[in-house]
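Here's the structure we're looking at; comments come further down.
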Amino acid sequence: MTAPDPGGPDARDRDGDARARKVTTRSLTTMKTRGERITALTAYDFLLAELLDQAGIDVILVGDSAGMVVQGLDTTVSVTMDQMVYHATVVARGVERALVVADLPFMAYQVNADEALRNSGRMIQTAGVEAVKLEGGERIAPTIRRIVDVGIPVMGHLGLTPQSIHKFGTYQVRATTAEEAQELRRDARALQDAGCFALVVEKVPAALAREVSQSLTIPVIGIGAGAGCDGQILVTADMLGLYTRFHPRFVRRYGELGRAIADSVSRYAADVRSGEFPSAQESY
Ligand code: KIV
């Protein structure tokens with residue numbers, strides 16, 4: 001008997017319950033083929049990862065945006081491999097269905113392919129994630145090929161690549177000139193050819209992102225890249241209104257949890273100060 005294919009279309013149809021099925025790199029390709037949009041969000045801890053997974057998010061990214069959101073830094077560049085392994089470990093523990101992808105932080109893959117491979121392996125073996133993400137195009141393609149060749153799925157990241165912030169000096173929209181747009185097309189093709197199973201494309205013109213999505217067979221997941229991508233990702237703390245230091249135009253706020261938390265904490269503090277909490281029922 002043939003073993004059931006966890007990501008195959010037949011398995012999904014049999015149950016008619018897409019949400020219950022484990023998401024794999026392969027099922028993302030199937031989703032693209034079917035024109036089903038992929039949902040992705042970031043998480044850095046067990047609690048949020050479990051909530052996102054239970055809500056049916058397809059891809060949970062342990063992003064190095066943890067540097068800004070969790071550590072309060074201005075950029076992602078000083079996030080370390082040890083910190084990412086910690087975040088990835090606790091996220092993976094909370095997820096059953098979603099595909100868990102972890103960022104390789106700055107300098108974890110740029111020095112040479114051996115180091116990149118070792119760090120990718122650490123993410124898979126120690127942290128228990130299912131894929132790694134790294135930034136860059138054609139130049140990083142040989143490294144990606146090396147990682148993919150040993151069986152580790154790689155997600156690429158083009159457009160605004162936050163680990164290169166000091167090179168560009170700005171978080172402005174990328175690939176706005178014809179030359180840069182052509183470079184992005186070339187990079188996207190090189191990453192697909194190197195074996196990436198998907199790409200994140202960040203903060204580029206919507207028309208270009210649509211064109212790149214249509215020209216590739218692998219899914220393109222956009223952030224600030226318009227509606228023509230095969231899926232969308234946001235930093236969860238941004239879309240929930242938890243991280244409010246800045247509000248990029250591409251972020252839609254689906255909650256105001258920062259305000260809700262501040263309100264709950266103020267009420268708790270007031271009740272403690274007034275002696276209202278704890279009550280007799282809340283005591284032994
Ligand atoms: O680090 C991160 O959260 C990311 C997303 C913005 C795609 O790379």
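Naming scheme: A, B, ... for chains in displayed order of the structure tokens; residues 1 onward per chain; ligands 1 onward as shown.
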**Report entry** Residue contacts of Ala181 of chain A (10 Å, only C-alpha atoms) excluding same-chain residues fewer than 3 positions away, as number ranges by chain
**Finding:** A: 159, 174-178, 184-187, 204-205, 208-209, 212
**Report entry** Within 9 Å of ligand 1 (only C-alpha atoms and all ligand atoms), residues as a ChimeraX atom specification
**Finding:** /A:40-43,61-67,76,102-103,105,133-135,157,161-162,200-202,221-223,233-236
Query - For Arg189 of chain A: contacts at 9 Å, only C-alpha atoms, fewer than 6 positions along chain excluded, given as number ranges by chain - result: A: 137-138, 212, 215-216
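Within segment 12-159 of chain A, DSSP run on the backbone puts these residues in strand (DSSP E): Ile38, Thr39, Ala40, Leu41, Thr42, Val59, Ile60, Leu61, Val62, Leu99, Val100, Val101, Ala102, Asp103, Ala131, Val132, Lys133, Leu134, Glu135, Val154, Met155, Gly156, His157, Leu158 and Gly159 of chain A.
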Please produce an output containing N, CA and C atoms for each residue in the selection, written as an mmCIF file, in the first residue's frame.
```
data_model
loop_
_atom_site.group_PDB
_atom_site.id
_atom_site.type_symbol
_atom_site.label_atom_id
_atom_site.label_comp_id
_atom_site.auth_asym_id
_atom_site.auth_seq_id
_atom_site.Cartn_x
_atom_site.Cartn_y
_atom_site.Cartn_z
ATOM 1 N N ILE A 38 -1.331 31.662 0.978
ATOM 2 C CA ILE A 38 -0.625 31.148 2.164
ATOM 3 C C ILE A 38 -0.618 32.228 3.254
ATOM 4 N N THR A 39 -0.930 31.811 4.485
ATOM 5 C CA THR A 39 -0.911 32.757 5.604
ATOM 6 C C THR A 39 0.342 32.511 6.437
ATOM 7 N N ALA A 40 1.021 33.584 6.807
ATOM 8 C CA ALA A 40 2.242 33.445 7.607
ATOM 9 C C ALA A 40 2.333 34.592 8.612
ATOM 10 N N LEU A 41 2.827 34.280 9.800
ATOM 11 C CA LEU A 41 3.048 35.287 10.845
ATOM 12 C C LEU A 41 4.309 34.913 11.614
ATOM 13 N N THR A 42 4.809 35.845 12.399
ATOM 14 C CA THR A 42 6.019 35.577 13.193
ATOM 15 C C THR A 42 5.646 35.188 14.628
ATOM 16 N N VAL A 59 2.256 29.137 8.021
ATOM 17 C CA VAL A 59 3.713 29.201 8.257
ATOM 18 C C VAL A 59 3.974 30.101 9.461
ATOM 19 N N ILE A 60 4.726 29.594 10.422
ATOM 20 C CA ILE A 60 5.130 30.427 11.561
ATOM 21 C C ILE A 60 6.631 30.658 11.437
ATOM 22 N N LEU A 61 6.983 31.924 11.309
ATOM 23 C CA LEU A 61 8.392 32.292 11.144
ATOM 24 C C LEU A 61 8.950 32.777 12.472
ATOM 25 N N VAL A 62 10.025 32.125 12.907
ATOM 26 C CA VAL A 62 10.772 32.637 14.056
ATOM 27 C C VAL A 62 11.733 33.667 13.470
ATOM 28 N N LEU A 99 3.949 25.005 9.365
ATOM 29 C CA LEU A 99 5.364 24.810 9.027
ATOM 30 C C LEU A 99 6.155 25.852 9.823
ATOM 31 N N VAL A 100 7.152 25.396 10.590
ATOM 32 C CA VAL A 100 7.949 26.335 11.394
ATOM 33 C C VAL A 100 9.281 26.605 10.690
ATOM 34 N N VAL A 101 9.505 27.876 10.408
ATOM 35 C CA VAL A 101 10.720 28.313 9.708
ATOM 36 C C VAL A 101 11.474 29.259 10.646
ATOM 37 N N ALA A 102 12.786 29.113 10.732
ATOM 38 C CA ALA A 102 13.563 30.019 11.603
ATOM 39 C C ALA A 102 14.565 30.813 10.783
ATOM 40 N N ASP A 103 14.674 32.095 11.099
ATOM 41 C CA ASP A 103 15.700 32.937 10.463
ATOM 42 C C ASP A 103 17.085 32.521 10.923
ATOM 43 N N ALA A 131 12.545 24.341 8.642
ATOM 44 C CA ALA A 131 13.198 25.044 7.530
ATOM 45 C C ALA A 131 13.912 26.269 8.085
ATOM 46 N N VAL A 132 14.867 26.782 7.313
ATOM 47 C CA VAL A 132 15.554 28.019 7.705
ATOM 48 C C VAL A 132 15.304 29.080 6.639
ATOM 49 N N LYS A 133 15.422 30.338 7.053
ATOM 50 C CA LYS A 133 15.299 31.450 6.100
ATOM 51 C C LYS A 133 16.574 32.266 6.164
ATOM 52 N N LEU A 134 17.036 32.696 5.005
ATOM 53 C CA LEU A 134 18.168 33.609 4.989
ATOM 54 C C LEU A 134 17.995 34.658 3.896
ATOM 55 N N GLU A 135 18.692 35.767 4.075
ATOM 56 C CA GLU A 135 18.513 36.925 3.202
ATOM 57 C C GLU A 135 19.560 36.950 2.099
ATOM 58 N N VAL A 154 15.092 25.573 2.545
ATOM 59 C CA VAL A 154 15.491 26.978 2.710
ATOM 60 C C VAL A 154 14.456 27.901 2.088
ATOM 61 N N MET A 155 14.098 28.930 2.852
ATOM 62 C CA MET A 155 13.242 30.006 2.357
ATOM 63 C C MET A 155 14.147 31.212 2.097
ATOM 64 N N GLY A 156 14.008 31.834 0.933
ATOM 65 C CA GLY A 156 14.818 33.016 0.624
ATOM 66 C C GLY A 156 14.130 34.286 1.104
ATOM 67 N N HIS A 157 14.848 35.394 1.040
ATOM 68 C CA HIS A 157 14.286 36.690 1.466
ATOM 69 C C HIS A 157 14.936 37.779 0.620
ATOM 70 N N LEU A 158 14.125 38.443 -0.201
ATOM 71 C CA LEU A 158 14.605 39.489 -1.115
ATOM 72 C C LEU A 158 13.852 40.800 -0.891
ATOM 73 N N GLY A 159 14.314 41.830 -1.585
ATOM 74 C CA GLY A 159 13.691 43.157 -1.433
ATOM 75 C C GLY A 159 14.360 43.849 -0.271
#
```
Query - Residue neighbourhood Asn112 of chain A, 12 Å, only C-alpha atoms, exclusion window fewer than 2 positions, as a ChimeraX atom specification - result: /A:107-110,114-119,139-144,146-147
Any chance you could export the current selection's all heavy atoms as a tab-separated table (two decimals), in the first residue's frame?
```tsv
chain	number	residue	atom	x	y	z
A	107	MET	N	25.41	37.02	10.00
A	107	MET	CA	26.72	36.39	10.19
A	107	MET	C	26.66	34.91	10.56
A	107	MET	O	27.70	34.30	10.88
A	107	MET	CB	27.58	37.15	11.22
A	107	MET	CG	27.94	38.56	10.80
A	107	MET	SD	28.50	38.69	9.09
A	107	MET	CE	30.11	37.91	9.20
A	108	ALA	N	25.47	34.32	10.48
A	108	ALA	CA	25.36	32.87	10.74
A	108	ALA	C	25.53	32.08	9.45
A	108	ALA	O	25.65	30.86	9.48
A	108	ALA	CB	24.03	32.53	11.38
A	109	TYR	N	25.53	32.78	8.30
A	109	TYR	CA	25.61	32.06	7.02
A	109	TYR	C	26.45	32.78	5.97
A	109	TYR	O	26.66	32.27	4.87
A	109	TYR	CB	24.19	31.82	6.46
A	109	TYR	CG	23.36	33.08	6.27
A	109	TYR	CD1	23.33	33.72	5.04
A	109	TYR	CD2	22.62	33.61	7.30
A	109	TYR	CE1	22.57	34.87	4.86
A	109	TYR	CE2	21.86	34.75	7.13
A	109	TYR	CZ	21.82	35.38	5.91
A	109	TYR	OH	21.08	36.52	5.74
A	110	GLN	N	26.96	33.97	6.30
A	110	GLN	CA	27.67	34.76	5.28
A	110	GLN	C	29.15	34.41	5.15
A	110	GLN	O	29.74	34.62	4.10
A	110	GLN	CB	27.55	36.27	5.60
A	110	GLN	CG	26.18	36.85	5.36
A	110	GLN	CD	25.28	36.79	6.60
A	110	GLN	OE1	25.55	36.07	7.53
A	110	GLN	NE2	24.20	37.55	6.57
A	114	ASP	N	30.19	26.18	4.87
A	114	ASP	CA	30.30	25.18	5.96
A	114	ASP	C	29.59	25.68	7.22
A	114	ASP	O	28.83	24.96	7.85
A	114	ASP	CB	31.77	24.92	6.31
A	114	ASP	CG	32.45	24.06	5.25
A	114	ASP	OD1	31.72	23.46	4.42
A	114	ASP	OD2	33.69	24.00	5.24
A	115	GLU	N	29.87	26.95	7.55
A	115	GLU	CA	29.25	27.53	8.75
A	115	GLU	C	27.74	27.63	8.57
A	115	GLU	O	26.97	27.36	9.49
A	115	GLU	CB	29.82	28.93	8.98
A	115	GLU	CG	30.48	29.06	10.33
A	115	GLU	CD	31.06	30.45	10.52
A	115	GLU	OE1	30.30	31.39	10.77
A	115	GLU	OE2	32.29	30.57	10.37
A	116	ALA	N	27.32	28.02	7.37
A	116	ALA	CA	25.89	28.13	7.08
A	116	ALA	C	25.20	26.79	7.26
A	116	ALA	O	24.12	26.70	7.84
A	116	ALA	CB	25.69	28.64	5.66
A	117	LEU	N	25.88	25.75	6.78
A	117	LEU	CA	25.33	24.40	6.86
A	117	LEU	C	25.24	23.95	8.32
A	117	LEU	O	24.23	23.40	8.77
A	117	LEU	CB	26.22	23.46	6.05
A	117	LEU	CG	25.77	22.03	5.88
A	117	LEU	CD1	24.36	21.97	5.31
A	117	LEU	CD2	26.73	21.30	4.94
A	118	ARG	N	26.31	24.21	9.08
A	118	ARG	CA	26.33	23.82	10.49
A	118	ARG	C	25.21	24.54	11.26
A	118	ARG	O	24.49	23.93	12.04
A	118	ARG	CB	27.70	24.17	11.09
A	118	ARG	CG	28.07	23.29	12.25
A	118	ARG	CD	29.53	23.43	12.66
A	118	ARG	NE	30.48	23.03	11.66
A	118	ARG	CZ	31.37	23.84	11.07
A	118	ARG	NH1	31.43	25.12	11.39
A	118	ARG	NH2	32.21	23.39	10.16
A	119	ASN	N	25.04	25.83	11.00
A	119	ASN	CA	24.02	26.59	11.72
A	119	ASN	C	22.61	26.17	11.30
A	119	ASN	O	21.69	26.13	12.12
A	119	ASN	CB	24.24	28.09	11.52
A	119	ASN	CG	25.40	28.59	12.36
A	119	ASN	OD1	25.62	28.12	13.48
A	119	ASN	ND2	26.15	29.55	11.83
A	139	ARG	N	24.18	35.96	-4.97
A	139	ARG	CA	25.46	35.75	-4.31
A	139	ARG	C	25.42	34.64	-3.25
A	139	ARG	O	26.40	33.96	-2.99
A	139	ARG	CB	25.93	37.07	-3.67
A	139	ARG	CG	27.37	37.35	-3.99
A	139	ARG	CD	27.80	38.76	-3.63
A	139	ARG	NE	26.91	39.77	-4.17
A	139	ARG	CZ	26.44	40.82	-3.48
A	139	ARG	NH1	26.73	40.97	-2.22
A	139	ARG	NH2	25.68	41.70	-4.07
A	140	ILE	N	24.23	34.48	-2.64
A	140	ILE	CA	24.11	33.50	-1.56
A	140	ILE	C	23.60	32.15	-2.09
A	140	ILE	O	23.54	31.16	-1.35
A	140	ILE	CB	23.19	34.09	-0.44
A	140	ILE	CG1	23.49	33.47	0.92
A	140	ILE	CG2	21.73	33.97	-0.78
A	140	ILE	CD1	24.72	33.99	1.57
A	141	ALA	N	23.29	32.11	-3.39
A	141	ALA	CA	22.68	30.91	-3.99
A	141	ALA	C	23.53	29.64	-3.81
A	141	ALA	O	22.99	28.58	-3.47
A	141	ALA	CB	22.35	31.15	-5.45
A	142	PRO	N	24.87	29.70	-3.99
A	142	PRO	CA	25.66	28.47	-3.79
A	142	PRO	C	25.56	27.93	-2.36
A	142	PRO	O	25.52	26.73	-2.15
A	142	PRO	CB	27.10	28.92	-4.11
A	142	PRO	CG	26.95	30.13	-4.97
A	142	PRO	CD	25.70	30.81	-4.50
A	143	THR	N	25.50	28.83	-1.40
A	143	THR	CA	25.33	28.42	0.01
A	143	THR	C	23.98	27.74	0.20
A	143	THR	O	23.87	26.71	0.87
A	143	THR	CB	25.46	29.66	0.93
A	143	THR	OG1	26.77	30.19	0.78
A	143	THR	CG2	25.21	29.31	2.38
A	144	ILE	N	22.96	28.32	-0.40
A	144	ILE	CA	21.62	27.75	-0.29
A	144	ILE	C	21.59	26.34	-0.88
A	144	ILE	O	21.06	25.40	-0.29
A	144	ILE	CB	20.58	28.66	-0.97
A	144	ILE	CG1	20.43	29.95	-0.15
A	144	ILE	CG2	19.23	27.95	-1.14
A	144	ILE	CD1	19.55	31.00	-0.76
A	146	ARG	N	23.94	24.25	-1.10
A	146	ARG	CA	24.66	23.35	-0.19
A	146	ARG	C	23.74	22.91	0.96
A	146	ARG	O	23.73	21.74	1.35
A	146	ARG	CB	25.86	24.14	0.33
A	146	ARG	CG	26.80	23.43	1.18
A	146	ARG	CD	27.93	22.77	0.37
A	146	ARG	NE	28.67	21.88	1.26
A	146	ARG	CZ	29.55	22.33	2.15
A	146	ARG	NH1	29.84	23.62	2.22
A	146	ARG	NH2	30.15	21.47	2.96
A	147	ILE	N	22.96	23.84	1.50
A	147	ILE	CA	22.07	23.52	2.63
A	147	ILE	C	20.94	22.61	2.16
A	147	ILE	O	20.60	21.62	2.80
A	147	ILE	CB	21.49	24.83	3.26
A	147	ILE	CG1	22.61	25.74	3.77
A	147	ILE	CG2	20.51	24.52	4.39
A	147	ILE	CD1	22.17	27.15	4.15
```
Requested in this report: Apply DSSP to the structure's backbone, then extract all residues of segment 77-160 of chain A labelled helix (DSSP H, G or I) and return them as a ChimeraX atom specification.
Outcome: /A:81-93,113-127,138-149
Restricting the output to N, CA and C atoms, write the selected residues as a short mmCIF file (atom, residue, chain, number, x, y, z; two decimals), in the first residue's frame.
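Full text of result-v5.cif as output:
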```
data_model
loop_
_atom_site.label_atom_id
_atom_site.label_comp_id
_atom_site.auth_asym_id
_atom_site.auth_seq_id
_atom_site.Cartn_x
_atom_site.Cartn_y
_atom_site.Cartn_z
N MET A 81 23.02 33.64 16.93
CA MET A 81 22.58 32.27 16.64
C MET A 81 22.01 31.63 17.92
N ASP A 82 22.68 31.81 19.05
CA ASP A 82 22.19 31.22 20.30
C ASP A 82 20.79 31.74 20.64
N GLN A 83 20.59 33.05 20.45
CA GLN A 83 19.27 33.62 20.75
C GLN A 83 18.21 33.05 19.81
N MET A 84 18.54 32.93 18.55
CA MET A 84 17.57 32.39 17.58
C MET A 84 17.25 30.92 17.86
N VAL A 85 18.26 30.17 18.29
CA VAL A 85 18.01 28.75 18.62
C VAL A 85 17.06 28.67 19.81
N TYR A 86 17.26 29.54 20.78
CA TYR A 86 16.34 29.56 21.93
C TYR A 86 14.90 29.87 21.47
N HIS A 87 14.74 30.95 20.71
CA HIS A 87 13.39 31.32 20.24
C HIS A 87 12.78 30.18 19.41
N ALA A 88 13.58 29.62 18.53
CA ALA A 88 13.07 28.58 17.63
C ALA A 88 12.64 27.34 18.42
N THR A 89 13.41 27.01 19.46
CA THR A 89 13.09 25.83 20.27
C THR A 89 11.73 25.98 20.96
N VAL A 90 11.50 27.15 21.54
CA VAL A 90 10.25 27.31 22.30
C VAL A 90 9.05 27.48 21.37
N VAL A 91 9.29 28.04 20.19
CA VAL A 91 8.20 28.15 19.20
C VAL A 91 7.83 26.75 18.69
N ALA A 92 8.83 25.97 18.31
CA ALA A 92 8.57 24.64 17.74
C ALA A 92 7.78 23.78 18.73
N ARG A 93 8.03 24.00 20.02
CA ARG A 93 7.33 23.24 21.06
C ARG A 93 5.83 23.52 21.08
N ALA A 113 30.03 28.53 3.42
CA ALA A 113 28.92 27.57 3.30
C ALA A 113 28.98 26.51 4.40
N ASP A 114 30.19 26.18 4.87
CA ASP A 114 30.30 25.18 5.96
C ASP A 114 29.59 25.68 7.22
N GLU A 115 29.87 26.95 7.55
CA GLU A 115 29.25 27.53 8.75
C GLU A 115 27.74 27.63 8.57
N ALA A 116 27.32 28.02 7.37
CA ALA A 116 25.89 28.13 7.08
C ALA A 116 25.20 26.79 7.26
N LEU A 117 25.88 25.75 6.78
CA LEU A 117 25.33 24.40 6.86
C LEU A 117 25.24 23.95 8.32
N ARG A 118 26.31 24.21 9.08
CA ARG A 118 26.33 23.82 10.49
C ARG A 118 25.21 24.54 11.26
N ASN A 119 25.04 25.83 11.00
CA ASN A 119 24.02 26.59 11.72
C ASN A 119 22.61 26.17 11.30
N SER A 120 22.45 25.84 10.02
CA SER A 120 21.13 25.36 9.55
C SER A 120 20.81 24.04 10.23
N GLY A 121 21.82 23.16 10.31
CA GLY A 121 21.64 21.87 10.96
C GLY A 121 21.26 22.03 12.42
N ARG A 122 21.86 23.01 13.07
CA ARG A 122 21.57 23.26 14.49
C ARG A 122 20.10 23.66 14.66
N MET A 123 19.62 24.47 13.75
CA MET A 123 18.21 24.88 13.81
C MET A 123 17.27 23.69 13.67
N ILE A 124 17.62 22.78 12.79
CA ILE A 124 16.75 21.63 12.55
C ILE A 124 16.89 20.62 13.69
N GLN A 125 18.14 20.28 14.05
CA GLN A 125 18.37 19.21 15.03
C GLN A 125 18.12 19.64 16.46
N THR A 126 18.59 20.83 16.83
CA THR A 126 18.49 21.25 18.23
C THR A 126 17.17 21.97 18.50
N ALA A 127 16.83 22.91 17.60
CA ALA A 127 15.62 23.70 17.86
C ALA A 127 14.36 22.96 17.42
N GLU A 138 21.43 36.17 -5.72
CA GLU A 138 22.37 35.35 -6.50
C GLU A 138 23.64 34.97 -5.72
N ARG A 139 24.18 35.96 -4.97
CA ARG A 139 25.46 35.75 -4.31
C ARG A 139 25.42 34.64 -3.25
N ILE A 140 24.23 34.48 -2.64
CA ILE A 140 24.11 33.50 -1.56
C ILE A 140 23.60 32.15 -2.09
N ALA A 141 23.29 32.11 -3.39
CA ALA A 141 22.68 30.91 -3.99
C ALA A 141 23.53 29.64 -3.81
N PRO A 142 24.87 29.70 -3.99
CA PRO A 142 25.66 28.47 -3.79
C PRO A 142 25.56 27.93 -2.36
N THR A 143 25.50 28.83 -1.40
CA THR A 143 25.33 28.42 0.01
C THR A 143 23.98 27.74 0.20
N ILE A 144 22.96 28.32 -0.40
CA ILE A 144 21.62 27.75 -0.29
C ILE A 144 21.59 26.34 -0.88
N ARG A 145 22.23 26.21 -2.03
CA ARG A 145 22.25 24.90 -2.69
C ARG A 145 22.90 23.85 -1.76
N ARG A 146 23.94 24.25 -1.10
CA ARG A 146 24.66 23.35 -0.19
C ARG A 146 23.74 22.91 0.96
N ILE A 147 22.96 23.84 1.50
CA ILE A 147 22.07 23.52 2.63
C ILE A 147 20.94 22.61 2.16
N VAL A 148 20.37 22.96 1.00
CA VAL A 148 19.25 22.19 0.45
C VAL A 148 19.71 20.77 0.11
N ASP A 149 20.94 20.66 -0.37
CA ASP A 149 21.47 19.35 -0.78
C ASP A 149 21.52 18.33 0.35
#
```
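Taking atom CA of Gly258 of chain A as the reference point, atom CA of Gly241 of chain A is found at 5.6 Å.
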Query - Exercise: Arg253 of chain A partners within 8 Å, only C-alpha atoms, chain neighbours under 6 positions left out, as a PyMOL selection string - result: chain A and resi 238-241
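Between atom CA of Ile218 of chain A and atom CA of Ala98 of chain A the separation is 17.9 Å.
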**Report entry** Point-to-point distance from atom CA of Thr244 of chain A to atom CA of Thr170 of chain A, Å rounded to tenths
**Finding:** 18.7 Å
**Report entry** Which residue of A:Leu199, A:Glu130, A:Phe250, A:Arg245 approaches Met68 of chain A most closely, using only C-alpha atoms
**Finding:** A:Arg245
